[in-house]
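Asks: So that you have it, the file is start_7.cif, and it contains mmCIF, C-alpha atoms:
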```
data_entry
loop_
_atom_site.label_atom_id
_atom_site.label_comp_id
_atom_site.auth_asym_id
_atom_site.auth_seq_id
_atom_site.Cartn_x
_atom_site.Cartn_y
_atom_site.Cartn_z
CA MET A 1 136.70 209.39 120.05
CA ARG A 2 138.76 212.01 118.26
CA ILE A 3 139.85 210.34 115.02
CA ALA A 4 142.28 211.60 112.37
CA LEU A 5 142.59 210.13 108.88
CA TYR A 6 145.34 210.52 106.28
CA THR A 7 145.08 209.39 102.65
CA LEU A 8 147.82 208.54 100.20
CA GLY A 9 147.30 207.67 96.56
CA CYS A 10 144.47 207.70 94.09
CA LYS A 11 140.91 209.01 93.96
CA VAL A 12 139.58 205.60 94.95
CA ASN A 13 141.53 205.84 98.20
CA GLN A 14 140.19 209.36 98.68
CA TYR A 15 136.66 208.11 98.09
CA GLU A 16 137.06 205.26 100.57
CA THR A 17 138.49 207.61 103.20
CA GLN A 18 135.48 209.91 102.74
CA ALA A 19 133.18 206.92 103.17
CA MET A 20 134.91 206.00 106.43
CA GLU A 21 134.68 209.61 107.58
CA GLN A 22 130.94 209.62 106.97
CA GLU A 23 130.48 206.39 108.90
CA LEU A 24 132.56 207.60 111.84
CA THR A 25 130.65 210.89 111.95
CA THR A 26 127.36 209.00 111.90
CA GLN A 27 128.57 206.99 114.89
CA GLY A 28 129.20 210.22 116.79
CA HIS A 29 132.99 210.41 116.61
CA GLU A 30 134.83 213.70 116.09
CA LEU A 31 137.06 214.04 113.04
CA VAL A 32 140.22 216.09 113.52
CA ALA A 33 143.14 217.10 111.32
CA PHE A 34 145.98 214.59 111.17
CA GLU A 35 148.34 217.05 112.83
CA GLU A 36 146.08 217.43 115.86
CA PRO A 37 146.02 215.23 118.99
CA ALA A 38 143.72 212.27 118.41
CA ASP A 39 142.60 209.09 120.11
CA ALA A 40 142.96 207.12 116.89
CA TYR A 41 144.83 207.61 113.61
CA ILE A 42 143.94 205.89 110.33
CA ILE A 43 146.40 205.88 107.43
CA ASN A 44 144.93 204.83 104.09
CA THR A 45 148.07 203.64 102.32
CA CYS A 46 149.20 203.44 98.69
CA SER A 47 151.51 200.96 96.99
CA VAL A 48 151.62 202.06 93.37
CA THR A 49 155.43 202.55 93.63
CA ALA A 50 158.19 201.80 96.12
CA VAL A 51 158.15 205.51 96.96
CA SER A 52 154.47 205.17 97.89
CA ASP A 53 155.38 202.33 100.24
CA LYS A 54 158.00 204.53 101.90
CA LYS A 55 155.57 207.43 102.35
CA SER A 56 153.02 205.05 103.86
CA ARG A 57 155.56 203.83 106.43
CA GLN A 58 156.56 207.41 107.23
CA MET A 59 152.97 208.42 107.95
CA ILE A 60 152.41 205.38 110.17
CA ARG A 61 155.53 206.20 112.19
CA ARG A 62 154.49 209.85 112.37
CA ALA A 63 151.11 208.90 113.82
CA LYS A 64 152.76 206.71 116.47
CA LYS A 65 155.05 209.59 117.50
CA MET A 66 152.28 212.19 117.70
CA ASN A 67 150.44 210.23 120.38
CA PRO A 68 152.09 207.03 121.64
CA HIS A 69 148.89 206.16 123.51
CA ALA A 70 146.59 206.49 120.51
CA ILE A 71 145.23 203.64 118.41
CA VAL A 72 147.07 203.55 115.07
CA ALA A 73 145.50 201.70 112.13
CA ALA A 74 146.48 201.29 108.50
CA CYS A 75 144.48 200.11 105.50
CA GLY A 76 144.78 200.41 101.73
CA CYS A 77 147.00 198.92 99.06
CA TYR A 78 150.35 198.87 100.91
CA ALA A 79 148.73 197.24 103.94
CA GLN A 80 147.11 194.72 101.59
CA THR A 81 150.23 193.71 99.67
CA HIS A 82 152.80 194.08 102.47
CA THR A 83 150.79 193.08 105.51
CA ASP A 84 153.74 191.68 107.46
CA GLU A 85 155.80 194.86 106.93
CA VAL A 86 152.95 197.02 108.20
CA ALA A 87 152.25 194.75 111.19
CA ALA A 88 155.95 194.86 112.08
CA LEU A 89 155.63 198.62 112.61
CA GLY A 90 153.77 197.78 115.81
CA ILE A 91 150.41 199.33 115.03
CA ASP A 92 147.11 198.21 116.51
CA LEU A 93 145.10 197.34 113.41
CA VAL A 94 146.09 196.31 109.88
CA GLY A 95 143.36 196.31 107.24
CA GLY A 96 143.54 195.88 103.47
CA THR A 97 141.56 197.23 100.53
CA GLY A 98 138.24 195.61 101.46
CA GLN A 99 135.81 195.28 104.36
CA ARG A 100 135.95 198.98 105.24
CA MET A 101 133.01 198.94 107.63
CA GLU A 102 134.36 195.86 109.44
CA PHE A 103 137.71 197.66 109.61
CA LEU A 104 136.05 200.49 111.50
CA ARG A 105 134.35 198.06 113.87
CA GLN A 106 137.72 196.46 114.58
CA LEU A 107 139.20 199.92 115.18
CA LEU A 108 136.73 200.51 117.98
CA ALA A 109 137.42 197.05 119.39
CA ALA A 110 141.15 197.76 119.33
CA ALA A 111 140.53 200.88 121.42
CA GLU A 112 139.07 198.69 124.14
CA GLU A 113 141.48 195.77 123.92
CA LYS A 114 145.17 196.46 123.34
CA ARG A 115 146.20 193.65 121.03
CA GLN A 116 147.14 193.80 117.40
CA ARG A 117 144.42 192.86 114.94
CA VAL A 118 144.96 191.93 111.28
CA LEU A 119 142.00 192.14 108.91
CA VAL A 120 143.41 191.31 105.47
CA ASP A 121 141.87 188.85 103.04
CA ASP A 122 143.09 187.39 99.72
CA ALA A 123 142.16 190.13 97.25
CA LEU A 124 142.39 187.79 94.25
CA HIS A 125 139.42 185.79 95.57
CA ARG A 126 136.99 188.68 96.04
CA HIS A 127 133.70 188.53 94.17
CA GLU A 128 131.46 191.14 95.81
CA PHE A 129 131.46 194.91 95.40
CA GLU A 130 131.45 196.63 98.79
CA VAL A 131 128.88 199.41 98.65
CA LEU A 132 130.07 202.51 100.50
CA PRO A 133 128.40 205.91 100.92
CA ALA A 134 129.25 208.42 98.20
CA GLY A 135 130.03 212.09 98.63
CA GLY A 136 132.42 213.96 100.88
CA GLN A 137 132.70 215.73 104.21
CA MET A 138 133.84 219.25 103.49
CA SER A 139 132.13 220.39 100.28
CA ARG A 140 128.89 220.13 98.38
CA THR A 141 130.50 220.97 95.05
CA ARG A 142 131.94 217.79 93.57
CA ALA A 143 131.27 214.26 94.80
CA MET A 144 132.92 211.00 93.84
CA LEU A 145 130.89 207.89 93.17
CA LYS A 146 132.90 204.67 93.16
CA VAL A 147 131.31 202.37 90.59
CA GLU A 148 134.03 199.74 90.15
CA ASP A 149 136.85 198.04 92.02
CA GLY A 150 139.62 195.70 90.92
CA CYS A 151 141.58 195.18 87.71
CA ARG A 152 142.49 192.23 85.54
CA ASN A 153 144.87 193.92 83.10
CA PHE A 154 148.10 192.92 84.89
CA CYS A 155 150.32 195.54 83.30
CA SER A 156 153.94 194.55 83.77
CA TYR A 157 154.74 197.55 86.00
CA CYS A 158 151.66 197.45 88.23
CA ILE A 159 150.88 195.65 91.49
CA ILE A 160 147.34 196.96 91.83
CA PRO A 161 145.53 193.82 90.53
CA PHE A 162 147.12 191.95 93.45
CA ALA A 163 146.10 194.69 95.87
CA ARG A 164 142.55 195.15 94.61
CA GLY A 165 141.58 191.80 93.13
CA PRO A 166 139.33 191.07 90.14
CA VAL A 167 136.77 193.44 88.62
CA ARG A 168 133.65 194.08 90.71
CA SER A 169 130.94 196.50 89.64
CA LEU A 170 128.40 198.61 91.47
CA PRO A 171 124.95 197.57 90.16
CA VAL A 172 123.07 200.14 88.10
CA ALA A 173 120.19 200.41 90.56
CA GLU A 174 122.53 201.26 93.44
CA ALA A 175 124.48 203.74 91.30
CA VAL A 176 121.22 205.46 90.42
CA ARG A 177 120.11 205.54 94.07
CA GLN A 178 123.37 207.08 95.23
CA THR A 179 123.37 209.60 92.38
CA GLU A 180 119.86 210.74 93.28
CA GLN A 181 120.94 211.09 96.90
CA LEU A 182 123.96 213.21 95.95
CA ALA A 183 121.73 215.49 93.86
CA ALA A 184 119.33 215.84 96.81
CA GLU A 185 122.24 216.75 99.10
CA GLY A 186 123.17 219.70 96.89
CA TYR A 187 126.18 218.46 94.95
CA ARG A 188 126.63 220.06 91.53
CA GLU A 189 128.94 217.49 89.95
CA VAL A 190 129.57 213.77 90.36
CA VAL A 191 132.71 211.95 89.21
CA LEU A 192 132.45 208.25 88.37
CA THR A 193 135.60 206.66 89.72
CA GLY A 194 137.11 203.22 90.24
CA ILE A 195 140.32 201.29 89.84
CA GLU A 196 139.53 200.58 86.17
CA ILE A 197 136.06 201.86 85.28
CA SER A 198 136.43 200.81 81.64
CA SER A 199 135.82 197.25 82.88
CA TRP A 200 132.56 198.16 84.64
CA GLY A 201 129.88 195.52 84.06
CA GLN A 202 132.16 192.62 83.11
CA ASP A 203 131.17 190.74 86.27
CA LEU A 204 127.45 191.50 86.07
CA SER A 205 124.80 189.35 84.41
CA GLY A 206 123.83 190.38 80.90
CA GLU A 207 125.88 192.38 78.43
CA GLN A 208 126.39 195.65 80.27
CA SER A 209 129.09 198.20 79.55
CA LEU A 210 130.14 201.57 80.93
CA VAL A 211 127.92 203.53 78.57
CA ASP A 212 124.85 201.69 79.91
CA LEU A 213 125.76 202.83 83.41
CA LEU A 214 126.50 206.30 82.12
CA GLU A 215 123.05 206.70 80.60
CA ALA A 216 121.29 205.58 83.78
CA VAL A 217 123.38 207.80 86.05
CA SER A 218 123.02 210.76 83.70
CA GLU A 219 119.24 210.60 83.98
CA ALA A 220 119.42 210.25 87.77
CA ALA A 221 121.86 213.18 88.02
CA GLY A 222 119.37 215.72 86.69
CA ASP A 223 121.13 219.10 86.67
CA MET A 224 124.32 217.70 88.22
CA ARG A 225 127.29 217.58 85.91
CA LEU A 226 128.66 214.13 85.24
CA ARG A 227 132.38 213.46 84.84
CA LEU A 228 134.29 210.28 84.07
CA GLY A 229 137.48 209.06 85.71
CA SER A 230 140.40 207.54 83.81
CA LEU A 231 139.48 205.34 80.85
CA GLU A 232 141.20 202.71 78.73
CA PRO A 233 141.24 203.44 74.97
CA ARG A 234 139.15 200.34 74.27
CA THR A 235 136.18 202.07 75.90
CA ILE A 236 136.00 204.68 73.15
CA THR A 237 134.00 203.08 70.36
CA GLU A 238 131.55 204.50 67.84
CA ASP A 239 128.64 203.24 69.93
CA PHE A 240 130.05 204.73 73.14
CA CYS A 241 130.60 208.14 71.56
CA ARG A 242 127.24 208.21 69.81
CA ARG A 243 125.34 207.44 73.01
CA ALA A 244 127.52 209.43 75.40
CA SER A 245 127.43 212.57 73.23
CA ARG A 246 123.64 212.69 73.67
CA LEU A 247 123.98 213.13 77.43
CA LYS A 248 123.68 216.87 78.08
CA ASN A 249 125.21 216.75 81.57
CA LEU A 250 128.32 214.72 80.61
CA CYS A 251 131.47 216.84 80.72
CA PRO A 252 133.56 216.68 77.51
CA HIS A 253 136.73 215.72 79.33
CA PHE A 254 138.21 212.27 78.79
CA HIS A 255 141.35 211.05 80.52
CA LEU A 256 142.68 208.27 78.31
CA SER A 257 145.51 206.26 79.82
CA LEU A 258 148.51 206.18 77.44
CA GLN A 259 151.80 205.50 79.37
CA SER A 260 153.84 205.36 76.13
CA GLY A 261 153.49 206.49 72.53
CA CYS A 262 155.68 203.66 71.22
CA ASP A 263 154.25 200.26 70.31
CA GLU A 264 157.37 198.36 71.37
CA THR A 265 157.27 199.93 74.82
CA LEU A 266 153.52 199.32 75.12
CA ARG A 267 154.10 195.61 74.47
CA ARG A 268 156.69 195.44 77.26
CA MET A 269 154.21 197.19 79.51
CA ASN A 270 151.58 194.57 78.59
CA ARG A 271 149.13 197.31 77.67
CA ARG A 272 146.07 196.11 75.75
CA TYR A 273 146.26 198.56 72.81
CA ASP A 274 148.69 200.03 70.31
CA THR A 275 149.15 203.58 69.09
CA ALA A 276 146.85 203.04 66.11
CA ARG A 277 143.96 202.03 68.41
CA TYR A 278 144.71 204.96 70.69
CA LEU A 279 144.60 207.42 67.80
CA GLU A 280 141.28 205.93 66.74
CA SER A 281 139.88 206.69 70.21
CA VAL A 282 141.13 210.28 70.11
CA ALA A 283 139.66 210.82 66.64
CA LEU A 284 136.27 209.47 67.72
CA LEU A 285 136.15 211.75 70.74
CA ARG A 286 136.96 214.80 68.64
CA ALA A 287 134.36 213.84 66.06
CA TYR A 288 131.55 213.55 68.60
CA PHE A 289 132.43 216.12 71.31
CA SER A 290 133.00 219.75 70.39
CA GLY A 291 135.96 221.32 72.21
CA VAL A 292 136.76 218.05 73.95
CA ALA A 293 139.74 217.93 76.31
CA VAL A 294 141.71 214.70 76.01
CA THR A 295 144.21 214.28 78.83
CA THR A 296 146.58 211.45 79.70
CA ASP A 297 149.40 209.96 81.79
CA LEU A 298 152.89 209.17 80.55
CA ILE A 299 155.71 207.05 81.98
CA THR A 300 159.23 207.91 80.81
CA GLY A 301 162.27 205.66 81.07
CA PHE A 302 160.35 202.40 81.22
CA PRO A 303 162.71 199.37 81.27
CA GLY A 304 164.26 198.87 77.87
CA GLU A 305 163.12 202.22 76.48
CA THR A 306 165.63 203.41 73.88
CA GLU A 307 166.16 206.96 72.73
CA GLU A 308 164.44 206.09 69.46
CA GLU A 309 161.41 204.74 71.32
CA PHE A 310 161.26 207.86 73.45
CA GLU A 311 161.41 210.08 70.35
CA LYS A 312 158.45 208.13 68.95
CA THR A 313 156.56 208.89 72.14
CA LEU A 314 157.28 212.62 71.90
CA ALA A 315 156.05 212.67 68.31
CA PHE A 316 152.92 210.78 69.33
CA LEU A 317 152.15 213.27 72.09
CA ARG A 318 152.19 216.08 69.55
CA ARG A 319 150.09 214.07 67.13
CA CYS A 320 147.40 213.54 69.77
CA ALA A 321 147.54 217.23 70.80
CA PHE A 322 146.62 216.49 74.40
CA ALA A 323 145.04 219.18 76.53
CA GLN A 324 147.09 218.08 79.54
CA ILE A 325 149.66 215.36 80.30
CA HIS A 326 150.82 214.05 83.67
CA VAL A 327 154.43 212.90 83.24
CA PHE A 328 156.12 210.42 85.59
CA PRO A 329 159.60 208.91 85.38
CA TYR A 330 159.33 205.14 85.77
CA SER A 331 159.59 203.99 89.37
CA ILE A 332 160.44 200.38 90.17
CA ARG A 333 157.59 198.50 91.80
CA PRO A 334 159.09 195.38 93.45
CA GLY A 335 157.04 192.27 92.79
CA THR A 336 156.18 193.17 89.19
CA ARG A 337 157.65 191.78 85.97
CA ALA A 338 159.03 195.17 84.99
CA ALA A 339 161.19 195.22 88.11
CA ALA A 340 163.19 192.31 86.69
CA MET A 341 163.71 193.95 83.28
CA GLU A 342 166.78 195.89 82.19
CA GLN A 343 166.46 199.29 83.87
CA VAL A 344 167.06 202.71 82.36
CA PRO A 345 169.50 204.85 84.39
CA LYS A 346 167.82 207.27 86.78
CA SER A 347 169.44 210.30 85.16
CA VAL A 348 168.07 209.26 81.76
CA LYS A 349 164.57 208.67 83.16
CA GLU A 350 164.53 212.09 84.76
CA ALA A 351 165.96 213.82 81.69
CA ARG A 352 163.28 212.25 79.52
CA ALA A 353 160.61 213.24 82.00
CA ALA A 354 161.82 216.82 81.77
CA ARG A 355 161.77 216.74 77.96
CA ALA A 356 158.30 215.21 77.92
CA GLY A 357 157.23 217.81 80.46
CA GLN A 358 158.27 220.57 78.07
CA VAL A 359 156.12 219.07 75.31
CA ALA A 360 153.26 218.69 77.77
CA ALA A 361 153.55 222.36 78.77
CA GLU A 362 153.51 223.47 75.12
CA LEU A 363 150.43 221.41 74.33
CA HIS A 364 148.65 222.54 77.50
CA GLU A 365 149.25 226.20 76.72
CA LYS A 366 148.06 225.68 73.14
CA TYR A 367 144.84 224.11 74.37
CA LEU A 368 144.28 226.87 76.92
CA ARG A 369 144.82 229.49 74.22
CA SER A 370 142.17 227.79 72.09
CA CYS A 371 139.67 228.41 74.90
CA VAL A 372 140.08 232.20 74.81
CA GLY A 373 136.93 233.89 73.56
CA GLN A 374 134.71 230.92 74.38
CA ILE A 375 131.94 230.88 76.97
CA PHE A 376 131.87 228.03 79.52
CA PRO A 377 129.55 227.16 82.39
CA VAL A 378 132.01 227.22 85.31
CA LEU A 379 131.36 225.48 88.60
CA PHE A 380 133.06 227.65 91.21
CA GLU A 381 134.66 225.89 94.17
CA GLN A 382 136.91 228.15 96.24
CA ALA A 383 138.20 231.66 96.71
CA GLY A 384 141.40 232.49 94.86
CA GLU A 385 143.71 235.48 94.81
CA ASP A 386 143.01 239.13 93.96
CA GLY A 387 139.27 238.94 94.58
CA CYS A 388 138.79 236.00 92.23
CA PHE A 389 136.88 232.77 92.66
CA VAL A 390 138.22 229.59 91.08
CA GLY A 391 136.39 226.68 89.54
CA HIS A 392 136.39 224.29 86.61
CA ALA A 393 134.87 224.40 83.15
CA PRO A 394 133.28 221.22 81.74
CA ASN A 395 136.63 220.44 80.03
CA TYR A 396 138.21 220.43 83.54
CA MET A 397 140.35 223.46 82.82
CA GLU A 398 140.72 225.72 85.86
CA VAL A 399 139.02 229.10 85.54
CA ALA A 400 139.40 232.21 87.69
CA ALA A 401 136.96 235.13 87.59
CA ALA A 402 136.26 238.15 89.78
CA GLY A 403 133.44 237.57 92.24
CA GLU A 404 132.48 236.87 95.83
CA ASN A 405 130.61 234.05 97.56
CA LEU A 406 130.50 231.90 94.43
CA HIS A 407 131.10 228.57 96.17
CA ASN A 408 129.03 225.85 94.50
CA CYS A 409 127.62 228.33 91.98
CA LEU A 410 127.43 227.61 88.26
CA ARG A 411 128.01 230.71 86.12
CA SER A 412 128.56 231.42 82.43
CA VAL A 413 132.08 232.78 81.98
CA ARG A 414 133.69 234.29 78.90
CA ILE A 415 137.37 233.37 78.75
CA THR A 416 139.49 236.48 78.28
CA GLY A 417 143.03 235.19 78.69
CA VAL A 418 145.50 232.70 80.12
CA ASP A 419 147.55 233.12 83.29
CA GLY A 420 149.97 230.20 83.59
CA SER A 421 147.84 227.08 83.79
CA VAL A 422 144.64 229.00 84.65
CA LEU A 423 142.05 230.47 82.33
CA LYS A 424 141.03 234.03 83.22
CA GLY A 425 137.46 235.05 82.55
CA GLU A 426 134.59 237.39 83.20
CA ILE A 427 131.22 236.33 84.52
CA LEU A 428 128.30 237.11 82.23
CA LEU A 429 125.27 238.49 84.04
#
```
Render the structure in this file as structure tokens.
Replies:
Amino acid sequence: MRIALYTLGCKVNQYETQAMEQELTTQGHELVAFEEPADAYIINTCSVTAVSDKKSRQMIRRAKKMNPHAIVAACGCYAQTHTDEVAALGIDLVGGTGQRMEFLRQLLAAAEEKRQRVLVDDALHRHEFEVLPAGGQMSRTRAMLKVEDGCRNFCSYCIIPFARGPVRSLPVAEAVRQTEQLAAEGYREVVLTGIEISSWGQDLSGEQSLVDLLEAVSEAAGDMRLRLGSLEPRTITEDFCRRASRLKNLCPHFHLSLQSGCDETLRRMNRRYDTARYLESVALLRAYFSGVAVTTDLITGFPGETEEEFEKTLAFLRRCAFAQIHVFPYSIRPGTRAAAMEQVPKSVKEARAARAGQVAAELHEKYLRSCVGQIFPVLFEQAGEDGCFVGHAPNYMEVAAAGENLHNCLRSVRITGVDGSVLKGEILL
């Protein structure tokens, strides 16, 4: 069959789509772009906000219009948490956030028998980690390795624990096996990803934590660079930094989830840290990792946020001196506690997002300027403009340098300047 897939949402969704692509290719099916005629369409949905739900519905309807005779299937978080809504769209197969290989088997069955199938379990009662193939279809540069699924934090604005269930961890031995396989396939960098990788190991026997996994994977990775996905501040301890800083292939880029720089707002969010603990994490990273890039996410206009609380957040952003900040105005997620709280007007949320964005831009430029004159090993990924190739330094800053046919090549680059959000450099021979 000709099969098209479309992914909304996070890196975990992207990883799981890639795993399905690999399985379908192994079975002999042809993968085509979503805009092309296909015999089957798969939409991997997202439900992190109400806007995500809307986009998921739009893509399902779009697939049905492109080929009314095709099999249309949906999986992912929106299909998991709003199964009836998705089924009501009249598609052939509804899956959730688990049982991906069974989902594909049901897709093929649906192609033979035209009746709607629903394959959605109760996520809160999952106990096993579903092992899926790592890697990707189109590139041998950077691969994702999903090492964890689920979350038990239950932040007041988030529905993901209900969509993904409790914490489940990929065992060390399997993580090592997949890492060795990725290295053998020619990948140059592997990203450890998951819904909440800071909780890796909590469900495994023995006292295992993320740094134990990190050490094992680092050894298996050999010359491959190793990069971490988003972390909770609690992960960053003296022991973590001491052990992680010894790993020569670990990239000094740490994305620490923040959401707010005000303790009162953090309590309403039901986050498991305060600003003092967050600052401790940032200080530890800077003490152990030279030139470290600390990046984060920020929500503005969270329910109940006052102007004073927002000003505290802006001051905290400057105090942390982040290398990069992703700013989002709060979006109501029906079904969460925050949805029932007193809401901040939309205009105020957006205005605060714009103000926070200005601070983010200032800090980002300052960090980029600090890189000028330094030499970084850059992993080049794709051709850019004006005869340049573009890639990423270990700190995950984007670098452009003149050169041809540099895909998947690692080169030493001296940074000579800044062009917007990109570092400009020259390759050292």
Asks: Considering all atoms listed in the file, can you say which of A:Leu231, A:Leu132, A:Ala402, A:Leu410 comes closest to A:Glu385?
Replies: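 The closest residue to A:Glu385 is A:Ala402.
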Asks: Report as a compact mmCIF listing (two decimals) with C-alpha atoms, keeping the file's coordinate frame all protein, DNA and RNA residues lying within 7 Å of stretch 157-159 of chain A, evaluated on only C-alpha atoms, omitting residues in the same chain fewer than 2 positions from it.
Replies:
```txt
# COMPACT_ATOMS: atom_id res chain seq x y z
CA VAL A 48 151.62 202.06 93.37
CA PHE A 154 148.10 192.92 84.89
CA CYS A 155 150.32 195.54 83.30
CA PRO A 161 145.53 193.82 90.53
CA PHE A 162 147.12 191.95 93.45
CA ALA A 163 146.10 194.69 95.87
CA MET A 269 154.21 197.19 79.51
CA ARG A 333 157.59 198.50 91.80
CA THR A 336 156.18 193.17 89.19
CA ARG A 337 157.65 191.78 85.97
CA ALA A 338 159.03 195.17 84.99
```
Asks: So how many Å separate atom CA of A:Val422 and atom CA of A:Gln382, to one decimal?
Replies: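 Calculated distance between atom CA of A:Val422 and atom CA of A:Gln382 is 14.0 Å.
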Asks: List the residues sitting within 8 Å of (143.3, 196.4, 97.3) in the file's frame, using all atoms listed in the file, as a PyMOL selection string.
Replies: chain A and resi 76-77+80-81+96-98+123+150+160-165
Asks: Spell out the residues picked by the PyMOL selection byres ((chain A and resi 262) around 9) here, as a PyMOL selection string.
Replies: chain A and resi 260-261+263-267+274-275+309-313+316
Asks: Name the residues in contact with A:His392 at a cut-off of 10 Å, using only C-alpha atoms, excluding same-chain residues fewer than 2 positions from it; report them as an mmCIF file with C-alpha atoms, keeping the file's coordinate frame.
Replies:
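Below is the file around.cif, written as the result:
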```cif
data_model
loop_
_atom_site.group_PDB
_atom_site.id
_atom_site.type_symbol
_atom_site.label_atom_id
_atom_site.label_comp_id
_atom_site.auth_asym_id
_atom_site.auth_seq_id
_atom_site.Cartn_x
_atom_site.Cartn_y
_atom_site.Cartn_z
ATOM 1 C CA PHE A 376 131.870 228.030 79.520
ATOM 2 C CA PRO A 377 129.550 227.160 82.390
ATOM 3 C CA VAL A 378 132.010 227.220 85.310
ATOM 4 C CA LEU A 379 131.360 225.480 88.600
ATOM 5 C CA PHE A 380 133.060 227.650 91.210
ATOM 6 C CA GLU A 381 134.660 225.890 94.170
ATOM 7 C CA VAL A 390 138.220 229.590 91.080
ATOM 8 C CA PRO A 394 133.280 221.220 81.740
ATOM 9 C CA ASN A 395 136.630 220.440 80.030
ATOM 10 C CA TYR A 396 138.210 220.430 83.540
ATOM 11 C CA MET A 397 140.350 223.460 82.820
ATOM 12 C CA GLU A 398 140.720 225.720 85.860
ATOM 13 C CA VAL A 399 139.020 229.100 85.540
ATOM 14 C CA ALA A 400 139.400 232.210 87.690
ATOM 15 C CA LEU A 410 127.430 227.610 88.260
ATOM 16 C CA VAL A 422 144.640 229.000 84.650
ATOM 17 C CA LEU A 423 142.050 230.470 82.330
#
```
Asks: Can you turn the PyMOL selection byres ((chain A and resi 282) around 10) into a concrete residue list for this file, as an NGL selection string?
Replies: :A and (233 or 236 or 254 or 256 or 277-281 or 283-287 or 292-294 or 320-322)
Asks: Expressed in Å to a single decimal, how great is the separation between atom CA of A:Lys248 and atom CA of A:Ala221?
Replies: 10.8 Å
Asks: Choose the residue, out of A:Ala323, A:Leu145, A:Leu429, A:Leu8, that has the smallest atom-to-atom separation from A:Val51; count only C-alpha atoms.
Replies: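 Counting only C-alpha atoms, the residue closest to A:Val51 is A:Leu8.
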Asks: From the list A:Ile415, A:Leu119, A:Val372, A:Leu298, which residue is nearest A:Leu428 when using all atoms listed in the file?
Replies: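 Among the listed residues, the smallest separation from A:Leu428 belongs to A:Ile415.
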Asks: I would like the residues chosen by the PyMOL selection byres ((chain A and resi 300) around 6) on the shown file; could you give them as a count of residues only?
Replies: 7
Asks: Quick one, how far is atom CA of A:Arg61 from atom CA of A:Ile195?
Replies: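 Pair atom CA of A:Arg61 / atom CA of A:Ile195 returns 27.5 Å.
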Asks: Which residues come within 9 Å of A:Leu317, counting all atoms listed in the file, excluding same-chain residues fewer than 6 positions away, as a list in words?
Replies: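 In the requested format, the answer is Gly261, Ile325, Ala356, Val359, Ala360 and Leu363 of chain A.
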Asks: Selection from above, C-alpha atoms, as a short mmCIF file (atom, residue, chain, number, x, y, z; two decimals), in the coordinates of the input, can you write it?
Replies:
```cif
data_model
loop_
_atom_site.label_atom_id
_atom_site.label_comp_id
_atom_site.auth_asym_id
_atom_site.auth_seq_id
_atom_site.Cartn_x
_atom_site.Cartn_y
_atom_site.Cartn_z
CA GLY A 261 153.49 206.49 72.53
CA ILE A 325 149.66 215.36 80.30
CA ALA A 356 158.30 215.21 77.92
CA VAL A 359 156.12 219.07 75.31
CA ALA A 360 153.26 218.69 77.77
CA LEU A 363 150.43 221.41 74.33
#
```
Asks: Smallest atom-to-atom distance to A:Glu130: which of A:Cys75, A:Val348, A:Ala19, A:Val418, using all atoms listed in the file?
Replies: A:Ala19
